[in-house]
>>> print(open('run27.cif').read())   # mmCIF, C-alpha atoms
data_input
loop_
_atom_site.group_PDB
_atom_site.id
_atom_site.type_symbol
_atom_site.label_atom_id
_atom_site.label_comp_id
_atom_site.auth_asym_id
_atom_site.auth_seq_id
_atom_site.Cartn_x
_atom_site.Cartn_y
_atom_site.Cartn_z
ATOM 1 C CA MET A 30 55.754 2.094 37.301
ATOM 2 C CA LYS A 31 52.415 3.616 38.330
ATOM 3 C CA ALA A 32 52.809 6.379 35.758
ATOM 4 C CA SER A 33 53.480 3.820 33.048
ATOM 5 C CA ILE A 34 50.252 1.936 33.880
ATOM 6 C CA TYR A 35 48.269 5.178 33.737
ATOM 7 C CA ASN A 36 49.870 6.008 30.366
ATOM 8 C CA SER A 37 48.863 2.626 28.969
ATOM 9 C CA LEU A 38 45.350 3.043 30.295
ATOM 10 C CA ASP A 39 45.089 6.508 28.762
ATOM 11 C CA GLN A 40 46.304 5.158 25.454
ATOM 12 C CA ALA A 41 43.780 2.327 25.551
ATOM 13 C CA ILE A 42 40.929 4.708 26.334
ATOM 14 C CA PHE A 43 42.107 7.057 23.595
ATOM 15 C CA LEU A 44 42.209 4.211 21.062
ATOM 16 C CA LEU A 45 38.771 3.065 22.158
ATOM 17 C CA ILE A 46 37.377 6.554 21.646
ATOM 18 C CA ILE A 47 38.985 6.753 18.204
ATOM 19 C CA PHE A 48 37.527 3.357 17.344
ATOM 20 C CA PHE A 49 33.972 4.313 18.326
ATOM 21 C CA PHE A 50 34.306 7.653 16.538
ATOM 22 C CA ALA A 51 35.439 5.902 13.347
ATOM 23 C CA VAL A 52 32.538 3.466 13.523
ATOM 24 C CA ALA A 53 30.061 6.296 14.039
ATOM 25 C CA CYS A 54 31.472 8.338 11.148
ATOM 26 C CA ASN A 55 31.240 5.369 8.857
ATOM 27 C CA GLY A 56 27.512 5.087 9.482
ATOM 28 C CA SER A 57 26.074 4.558 6.032
ATOM 29 C CA ALA A 58 22.832 2.713 5.283
ATOM 30 C CA GLU A 59 24.699 -0.527 4.864
ATOM 31 C CA SER A 60 26.535 -0.265 8.130
ATOM 32 C CA GLY A 61 23.566 0.709 10.238
ATOM 33 C CA GLY A 62 23.764 4.451 10.761
ATOM 34 C CA ASN A 63 21.180 6.557 12.498
ATOM 35 C CA SER A 64 19.193 8.340 9.807
ATOM 36 C CA ASP A 65 15.570 7.391 9.162
ATOM 37 C CA TYR A 66 16.712 5.717 5.962
ATOM 38 C CA ASP A 67 19.248 3.602 7.810
ATOM 39 C CA LYS A 68 16.535 2.539 10.245
ATOM 40 C CA LEU A 69 14.337 1.766 7.267
ATOM 41 C CA CYS A 70 17.098 -0.364 5.785
ATOM 42 C CA GLN A 71 17.390 -2.246 9.057
ATOM 43 C CA ILE A 72 13.655 -2.990 9.011
ATOM 44 C CA TYR A 73 14.052 -4.540 5.561
ATOM 45 C CA LYS A 74 17.071 -6.542 6.743
ATOM 46 C CA ASP A 75 15.070 -7.878 9.677
ATOM 47 C CA ILE A 76 11.969 -8.850 7.753
ATOM 48 C CA THR A 77 12.883 -9.808 4.211
ATOM 49 C CA GLN A 78 14.804 -12.904 5.286
ATOM 50 C CA GLN A 79 11.982 -14.259 7.439
ATOM 51 C CA PRO A 80 10.391 -17.476 6.140
ATOM 52 C CA ILE A 81 6.954 -15.946 5.641
ATOM 53 C CA ASP A 82 4.602 -15.217 2.768
ATOM 54 C CA LEU A 83 5.398 -12.169 0.588
ATOM 55 C CA SER A 84 2.157 -10.383 1.502
ATOM 56 C CA GLU A 85 2.905 -10.936 5.158
ATOM 57 C CA LYS A 86 6.390 -9.479 4.700
ATOM 58 C CA GLU A 87 4.820 -6.443 3.073
ATOM 59 C CA MET A 88 2.439 -6.053 5.985
ATOM 60 C CA LYS A 89 5.146 -6.472 8.615
ATOM 61 C CA ILE A 90 7.397 -3.942 6.875
ATOM 62 C CA THR A 91 4.511 -1.462 6.663
ATOM 63 C CA GLU A 92 3.629 -2.068 10.315
ATOM 64 C CA ARG A 93 7.200 -1.489 11.513
ATOM 65 C CA VAL A 94 7.692 1.633 9.407
ATOM 66 C CA GLN A 95 4.440 3.061 10.758
ATOM 67 C CA LYS A 96 5.507 2.328 14.311
ATOM 68 C CA GLU A 97 9.200 3.238 14.162
ATOM 69 C CA LEU A 98 9.251 6.009 11.556
ATOM 70 C CA PRO A 99 5.806 7.629 11.865
ATOM 71 C CA GLN A 100 6.680 10.908 10.128
ATOM 72 C CA PHE A 101 8.340 9.199 7.171
ATOM 73 C CA PHE A 102 5.416 6.802 7.050
ATOM 74 C CA GLU A 103 2.782 9.538 6.798
ATOM 75 C CA ALA A 104 4.751 11.738 4.415
ATOM 76 C CA ASN A 105 6.119 9.083 2.082
ATOM 77 C CA PHE A 106 5.727 5.426 2.861
ATOM 78 C CA VAL A 107 1.916 5.347 2.548
ATOM 79 C CA ASN A 108 2.474 6.373 -1.077
ATOM 80 C CA ILE A 109 5.509 4.199 -1.709
ATOM 81 C CA VAL A 110 3.685 1.050 -0.616
ATOM 82 C CA LYS A 111 1.024 1.700 -3.275
ATOM 83 C CA ALA A 112 3.583 2.062 -6.065
ATOM 84 C CA ASP A 113 4.661 -0.838 -8.268
ATOM 85 C CA ALA A 114 7.189 -3.030 -6.497
ATOM 86 C CA GLY A 115 9.721 -2.250 -9.219
ATOM 87 C CA GLN A 116 9.556 1.481 -8.428
ATOM 88 C CA ARG A 117 9.742 1.393 -4.651
ATOM 89 C CA TYR A 118 13.489 1.093 -4.141
ATOM 90 C CA GLN A 119 14.204 3.941 -6.541
ATOM 91 C CA PHE A 120 11.692 6.146 -4.755
ATOM 92 C CA ILE A 121 13.273 5.470 -1.374
ATOM 93 C CA LYS A 122 16.812 5.919 -2.714
ATOM 94 C CA GLN A 123 15.790 9.193 -4.367
ATOM 95 C CA LEU A 124 14.288 10.505 -1.132
ATOM 96 C CA ALA A 125 17.257 9.364 0.947
ATOM 97 C CA GLU A 126 19.827 10.997 -1.321
ATOM 98 C CA ALA A 127 17.815 14.217 -1.591
ATOM 99 C CA GLU A 128 17.553 14.458 2.183
ATOM 100 C CA THR A 129 20.994 13.291 3.246
ATOM 101 C CA LYS A 130 22.845 14.802 0.261
ATOM 102 C CA ASN A 131 24.860 11.598 0.171
ATOM 103 C CA LYS A 132 24.843 8.474 -1.923
ATOM 104 C CA TRP A 133 22.580 5.952 -0.249
ATOM 105 C CA ASP A 134 22.071 2.259 -0.827
ATOM 106 C CA CYS A 135 20.429 -0.575 1.029
ATOM 107 C CA GLU A 136 21.289 -3.937 -0.430
ATOM 108 C CA ALA A 137 18.623 -5.851 1.536
ATOM 109 C CA MET A 138 15.912 -3.566 0.180
ATOM 110 C CA ARG A 139 17.293 -3.406 -3.365
ATOM 111 C CA SER A 140 17.578 -7.162 -3.584
ATOM 112 C CA TYR A 141 14.117 -7.716 -2.089
ATOM 113 C CA TYR A 142 12.422 -5.519 -4.663
ATOM 114 C CA ALA A 143 14.526 -6.884 -7.500
ATOM 115 C CA LYS A 144 13.905 -10.575 -6.756
ATOM 116 C CA ALA A 145 10.980 -11.288 -4.457
ATOM 117 C CA PHE A 146 8.239 -10.024 -6.765
ATOM 118 C CA GLN A 147 9.114 -11.919 -9.943
ATOM 119 C CA MET B 9 -7.274 18.648 -23.349
ATOM 120 C CA SER B 10 -7.709 17.881 -19.658
ATOM 121 C CA VAL B 11 -11.113 19.634 -19.618
ATOM 122 C CA ASP B 12 -12.290 17.392 -22.469
ATOM 123 C CA ILE B 13 -11.073 14.335 -20.589
ATOM 124 C CA VAL B 14 -12.764 15.341 -17.340
ATOM 125 C CA ASN B 15 -16.017 15.947 -19.233
ATOM 126 C CA GLN B 16 -15.994 12.330 -20.362
ATOM 127 C CA LEU B 17 -15.640 10.889 -16.866
ATOM 128 C CA HIS B 18 -18.566 9.642 -14.788
ATOM 129 C CA GLN B 19 -19.524 11.718 -11.802
ATOM 130 C CA LEU B 20 -18.648 9.715 -8.714
ATOM 131 C CA GLN B 21 -21.143 9.249 -5.950
ATOM 132 C CA GLU B 22 -20.586 10.096 -2.353
ATOM 133 C CA GLU B 23 -17.555 8.606 -0.652
ATOM 134 C CA SER B 24 -18.422 5.621 1.533
ATOM 135 C CA GLY B 25 -16.119 6.567 4.391
ATOM 136 C CA LYS B 26 -15.015 2.949 4.831
ATOM 137 C CA SER B 27 -11.320 2.851 5.542
ATOM 138 C CA LEU B 28 -8.888 0.218 6.789
ATOM 139 C CA SER B 29 -5.408 0.999 8.049
ATOM 140 C CA PRO B 30 -2.583 1.109 5.477
ATOM 141 C CA VAL B 31 -1.033 -1.875 7.260
ATOM 142 C CA ILE B 32 -4.028 -4.116 6.521
ATOM 143 C CA VAL B 33 -4.325 -2.785 2.966
ATOM 144 C CA SER B 34 -0.644 -3.583 2.366
ATOM 145 C CA TYR B 35 -1.507 -7.227 3.031
ATOM 146 C CA LEU B 36 -4.676 -7.294 0.932
ATOM 147 C CA GLN B 37 -3.315 -5.553 -2.140
ATOM 148 C CA ASP B 38 -1.503 -7.076 -5.101
ATOM 149 C CA SER B 39 2.039 -6.727 -3.728
ATOM 150 C CA SER B 40 3.674 -6.421 -7.102
ATOM 151 C CA ARG B 41 1.279 -4.026 -8.812
ATOM 152 C CA PRO B 42 -1.087 -2.555 -6.240
ATOM 153 C CA ARG B 43 -2.865 -0.293 -8.694
ATOM 154 C CA ALA B 44 -3.839 -1.287 -12.200
ATOM 155 C CA LEU B 45 -5.202 2.020 -13.488
ATOM 156 C CA VAL B 46 -2.707 4.538 -12.164
ATOM 157 C CA GLU B 47 0.934 4.797 -11.286
ATOM 158 C CA THR B 48 2.433 6.627 -8.356
ATOM 159 C CA VAL B 49 4.670 9.601 -9.103
ATOM 160 C CA LEU B 50 6.911 11.735 -6.940
ATOM 161 C CA VAL B 51 6.539 15.241 -8.303
ATOM 162 C CA ALA B 52 9.102 18.015 -8.165
ATOM 163 C CA ASN B 53 8.040 19.585 -4.871
ATOM 164 C CA GLY B 54 8.340 16.323 -3.002
ATOM 165 C CA LYS B 55 4.608 15.673 -3.145
ATOM 166 C CA TRP B 56 3.083 12.423 -4.275
ATOM 167 C CA GLY B 57 0.467 11.969 -6.952
ATOM 168 C CA VAL B 58 -1.109 9.483 -9.326
ATOM 169 C CA LYS B 59 -1.365 9.625 -13.080
ATOM 170 C CA PRO B 60 -3.092 7.334 -15.584
ATOM 171 C CA ARG B 61 -0.911 4.350 -16.356
ATOM 172 C CA GLU B 62 -1.561 4.576 -20.095
ATOM 173 C CA GLY B 63 -1.427 8.360 -20.320
ATOM 174 C CA VAL B 64 -4.098 11.003 -19.948
ATOM 175 C CA SER B 65 -5.553 10.501 -23.430
ATOM 176 C CA SER B 66 -6.212 6.826 -22.632
ATOM 177 C CA LEU B 67 -9.019 7.893 -20.281
ATOM 178 C CA THR B 68 -11.316 8.373 -23.259
ATOM 179 C CA LYS B 69 -11.628 4.570 -23.317
ATOM 180 C CA SER B 70 -13.752 3.086 -20.546
ATOM 181 C CA ALA B 71 -11.391 0.096 -20.242
ATOM 182 C CA ASN B 72 -8.749 2.477 -18.930
ATOM 183 C CA ARG B 73 -11.122 3.925 -16.355
ATOM 184 C CA GLN B 74 -12.176 0.711 -14.633
ATOM 185 C CA SER B 75 -10.409 -2.309 -13.288
ATOM 186 C CA ILE B 76 -11.616 -5.208 -11.179
ATOM 187 C CA ARG B 77 -9.559 -8.149 -10.064
ATOM 188 C CA LYS B 78 -9.351 -10.755 -7.352
ATOM 189 C CA VAL B 79 -6.228 -9.993 -5.354
ATOM 190 C CA LYS B 80 -6.325 -12.437 -2.482
ATOM 191 C CA THR B 81 -7.958 -15.540 -1.053
ATOM 192 C CA LEU B 82 -7.886 -15.730 2.728
ATOM 193 C CA SER B 83 -6.177 -19.118 2.893
ATOM 194 C CA PRO B 84 -5.985 -21.715 5.666
ATOM 195 C CA GLY B 85 -2.810 -21.151 7.637
ATOM 196 C CA PHE B 86 -3.292 -17.396 7.579
ATOM 197 C CA GLU B 87 -5.968 -17.227 10.241
ATOM 198 C CA HIS B 88 -3.843 -14.765 12.200
ATOM 199 C CA ILE B 89 -4.149 -12.326 9.285
ATOM 200 C CA THR B 90 -7.894 -12.917 8.983
ATOM 201 C CA LYS B 91 -8.152 -12.256 12.700
ATOM 202 C CA GLN B 92 -6.247 -8.989 12.281
ATOM 203 C CA LEU B 93 -8.549 -7.987 9.422
ATOM 204 C CA ASN B 94 -11.609 -8.781 11.517
ATOM 205 C CA THR B 95 -10.245 -6.792 14.426
ATOM 206 C CA ALA B 96 -9.968 -3.843 12.031
ATOM 207 C CA LEU B 97 -13.472 -4.459 10.681
ATOM 208 C CA LEU B 98 -14.826 -4.451 14.207
ATOM 209 C CA GLY B 99 -13.266 -1.084 14.828
ATOM 210 C CA GLY B 100 -16.527 0.563 15.772
ATOM 211 C CA GLU B 101 -18.030 0.914 12.325
ATOM 212 C CA SER B 102 -20.538 -1.179 10.437
ATOM 213 C CA TYR B 103 -19.930 -2.013 6.830
ATOM 214 C CA PRO B 104 -22.460 -1.755 4.028
ATOM 215 C CA VAL B 105 -23.776 -4.623 1.934
ATOM 216 C CA LEU B 106 -22.830 -4.035 -1.640
ATOM 217 C CA THR B 107 -25.759 -5.979 -3.065
ATOM 218 C CA ALA B 108 -28.143 -3.301 -1.907
ATOM 219 C CA VAL B 109 -26.966 -1.138 -4.772
ATOM 220 C CA LEU B 110 -26.346 -3.802 -7.385
ATOM 221 C CA GLY B 111 -29.326 -2.703 -9.379
ATOM 222 C CA THR B 112 -28.058 0.798 -9.832
ATOM 223 C CA VAL B 113 -24.308 0.818 -9.900
ATOM 224 C CA VAL B 114 -22.597 -2.556 -9.744
ATOM 225 C CA GLY B 115 -23.542 -5.910 -11.178
ATOM 226 C CA PHE B 116 -22.225 -9.394 -10.490
ATOM 227 C CA ALA B 117 -22.367 -12.497 -12.644
ATOM 228 C CA SER B 118 -21.428 -16.010 -11.654
ATOM 229 C CA ALA B 119 -18.901 -17.664 -13.890
ATOM 230 C CA GLY B 120 -16.970 -20.846 -13.345
ATOM 231 C CA ALA B 121 -15.547 -21.364 -9.908
ATOM 232 C CA GLY B 122 -15.592 -17.775 -8.814
ATOM 233 C CA LEU B 123 -17.430 -14.588 -9.302
ATOM 234 C CA LEU B 124 -16.885 -12.113 -12.069
ATOM 235 C CA PHE B 125 -17.856 -8.550 -11.664
ATOM 236 C CA THR B 126 -19.365 -6.494 -14.406
ATOM 237 C CA VAL B 127 -18.912 -2.984 -13.273
ATOM 238 C CA ALA B 128 -20.778 0.029 -14.507
ATOM 239 C CA THR B 129 -19.223 2.307 -11.957
ATOM 240 C CA THR B 130 -17.879 2.027 -8.471
ATOM 241 C CA GLY B 131 -19.301 5.364 -7.455
ATOM 242 C CA LEU B 132 -20.381 4.105 -4.090
ATOM 243 C CA SER B 133 -23.316 5.433 -2.212
ATOM 244 C CA LEU B 134 -23.857 2.889 0.477
ATOM 245 C CA ALA B 135 -24.546 4.907 3.548
ATOM 246 C CA ASN B 136 -28.058 3.515 4.001
ATOM 247 C CA THR B 137 -27.176 -0.161 3.748
ATOM 248 C CA ILE B 138 -25.616 -1.137 7.006
ATOM 249 C CA GLN B 139 -24.543 -4.624 7.971
ATOM 250 C CA ARG B 140 -21.494 -5.756 9.841
ATOM 251 C CA VAL B 141 -19.181 -8.094 7.941
ATOM 252 C CA LEU B 142 -16.419 -10.386 9.129
ATOM 253 C CA ALA B 143 -13.960 -12.223 6.928
ATOM 254 C CA ARG B 144 -13.656 -16.014 7.005
ATOM 255 C CA THR B 145 -11.082 -18.412 5.663
ATOM 256 C CA GLY B 146 -11.858 -19.014 1.988
ATOM 257 C CA ASP B 147 -13.236 -15.538 1.421
ATOM 258 C CA GLU B 148 -11.849 -13.603 -1.505
ATOM 259 C CA ILE B 149 -10.634 -10.029 -1.621
ATOM 260 C CA TRP B 150 -11.442 -8.110 -4.796
ATOM 261 C CA HIS B 151 -9.910 -4.799 -5.763
ATOM 262 C CA VAL B 152 -12.176 -2.464 -7.716
ATOM 263 C CA GLU B 153 -10.665 0.692 -9.214
ATOM 264 C CA GLU B 154 -12.208 3.507 -11.161
ATOM 265 C CA ILE B 155 -11.306 6.923 -12.488
ATOM 266 C CA GLY B 156 -14.251 9.305 -12.371
ATOM 267 C CA LYS B 157 -14.790 12.919 -11.466
ATOM 268 C CA VAL B 158 -15.907 14.967 -8.516
ATOM 269 C CA GLY B 159 -16.902 18.419 -9.699
ATOM 270 C CA ASN B 160 -14.308 19.319 -12.298
ATOM 271 C CA LYS B 161 -11.533 17.173 -10.832
ATOM 272 C CA ALA B 162 -10.520 13.749 -12.107
ATOM 273 C CA MET B 163 -10.531 11.328 -9.202
ATOM 274 C CA TYR B 164 -9.082 7.843 -8.742
ATOM 275 C CA VAL B 165 -11.061 5.458 -6.512
ATOM 276 C CA SER B 166 -9.500 2.353 -5.019
ATOM 277 C CA SER B 167 -11.874 0.038 -3.166
ATOM 278 C CA TYR B 168 -11.640 -3.419 -1.647
ATOM 279 C CA PHE B 169 -14.453 -5.936 -1.207
ATOM 280 C CA ILE B 170 -14.819 -9.198 0.664
ATOM 281 C CA VAL B 171 -16.561 -11.844 -1.412
ATOM 282 C CA ASP B 172 -17.564 -15.278 -0.157
ATOM 283 C CA PRO B 173 -17.745 -17.516 -3.216
ATOM 284 C CA TYR B 174 -19.187 -20.470 -1.305
ATOM 285 C CA ARG B 175 -21.910 -18.955 0.833
ATOM 286 C CA SER B 176 -24.816 -20.567 -0.981
ATOM 287 C CA GLN B 177 -27.562 -18.848 0.966
ATOM 288 C CA THR B 178 -26.379 -15.436 -0.054
ATOM 289 C CA PRO B 179 -24.786 -15.876 -3.456
ATOM 290 C CA ASN B 180 -23.024 -13.112 -5.335
ATOM 291 C CA LYS B 181 -22.596 -10.864 -2.380
ATOM 292 C CA GLY B 182 -19.696 -8.611 -1.719
ATOM 293 C CA TRP B 183 -19.018 -6.228 1.091
ATOM 294 C CA LEU B 184 -17.133 -3.005 0.725
ATOM 295 C CA ILE B 185 -14.444 -2.864 3.387
ATOM 296 C CA HIS B 186 -12.160 -0.060 2.214
ATOM 297 C CA GLU B 187 -12.285 2.912 -0.103
ATOM 298 C CA GLU B 188 -9.805 5.685 -0.791
ATOM 299 C CA ARG B 189 -9.646 8.462 -3.352
ATOM 300 C CA GLU B 190 -6.926 10.590 -4.893
ATOM 301 C CA GLU B 191 -7.020 13.360 -7.449
ATOM 302 C CA VAL B 192 -5.512 12.291 -10.772
ATOM 303 C CA LEU B 193 -2.757 14.423 -12.282
ATOM 304 C CA LEU B 194 -3.746 15.275 -15.834
ATOM 305 C CA SER B 195 -0.764 17.416 -16.847
#
>>> encode(input="run27.cif", output="structure tokens")
Amino acid sequence: MKASIYNSLDQAIFLLIIFFFAVACNGSAESGGNSDYDKLCQIYKDITQQPIDLSEKEMKITERVQKELPQFFEANFVNIVKADAGQRYQFIKQLAEAETKNKWDCEAMRSYYAKAFQ
Amino acid sequence: MSVDIVNQLHQLQEESGKSLSPVIVSYLQDSSRPRALVETVLVANGKWGVKPREGVSSLTKSANRQSIRKVKTLSPGFEHITKQLNTALLGGESYPVLTAVLGTVVGFASAGAGLLFTVATTGLSLANTIQRVLARTGDEIWHVEEIGKVGNKAMYVSSYFIVDPYRSQTPNKGWLIHEEREEVLLS
């Protein structure tokens, strides 16, 4: 009886570990992984839906990127934010894919740059 | 060709040294098209640069070397932003009064409800004209851009001014609050 309980517990722990491993491996930009670009995507998700003025969104995004991703900010974002709005998503996608060697997308960011500036 | 182009550019004056943080500038700028004269490019080695929006040969025309536009009015309801801007402006530096050099480099003309700028060059040399400036609700932010040269390099200048269109005692005044420069890619 005792052995059976321990077996069930082991199985549950094993399944839990598998579950967390699967979630971690699936960490793309859209599902909130851990790369700088995934963090960047999360910043856009957090801010673009806020009911505030477009210029204020731009400022808040810039402020958060500077604070949370200082190296990316200095190397790239200070230039990206000066580019035309229509270019910015492609720049970020290009950088992300060059660095991660994987396809990268961030729907919140893509949609923001495609719609909010018209 | 690039040597011929550079020869036609105005020599820029000394850099003003006035600089706001990129966070504040991201609020002040035209969000959709921050720069009228140049476009940002990501070159092969992962470095960033700017090139003339209409191509290098377009720089022979003065219209493609200068741009001036109102980009923002500090509106009621956005006092928190104005406060943030003023905190930045109080960051230990004084800011020069633009009108001190109107006679030599920049001219203003009143027109209609606002102010129109007639710009000869934004080559700013304002080090001797010190006065602190703070923004107020109703003030306008103007973005002045120019492509000139420093030595034999083509240089893009982006500068922001606060203008108070209603301050009757000191009409037609603008204050430089931010300037930045980047070399222009000509190839």
>>> resolve_selection(input="run27.cif", expression="the PyMOL selection byres ((chain B) within 7 of (chain A))", output="list in words")
Pro30, Val31, Ile32, Ser34, Tyr35, Ser39, Ser40, Arg41, Pro42, Arg43, Glu47, Thr48 and Trp56 of chain B
>>> closest_residue(input="run27.cif", among="A:Gln40, A:Gln100, A:Asn131, A:Ser140", to="Tyr73 of chain A", atoms="only C-alpha atoms")
A:Ser140
>>> atom_distance(input="run27.cif", atom1="atom CA of Thr145 of chain B", atom2="atom CA of Val165 of chain B")
26.8 Å
>>> atom_distance(input="run27.cif", atom1="atom CA of Asn160 of chain B", atom2="atom CA of Gly57 of chain B")
17.3 Å
>>> closest_residue(input="run27.cif", among="A:Asp39, A:Asp67, A:Glu97, A:Glu136", to="Tyr118 of chain A", atoms="all atoms listed in the file")
A:Glu136
>>> atom_distance(input="run27.cif", atom1="atom CA of Leu142 of chain B", atom2="atom CA of Glu188 of chain B")
20.0 Å
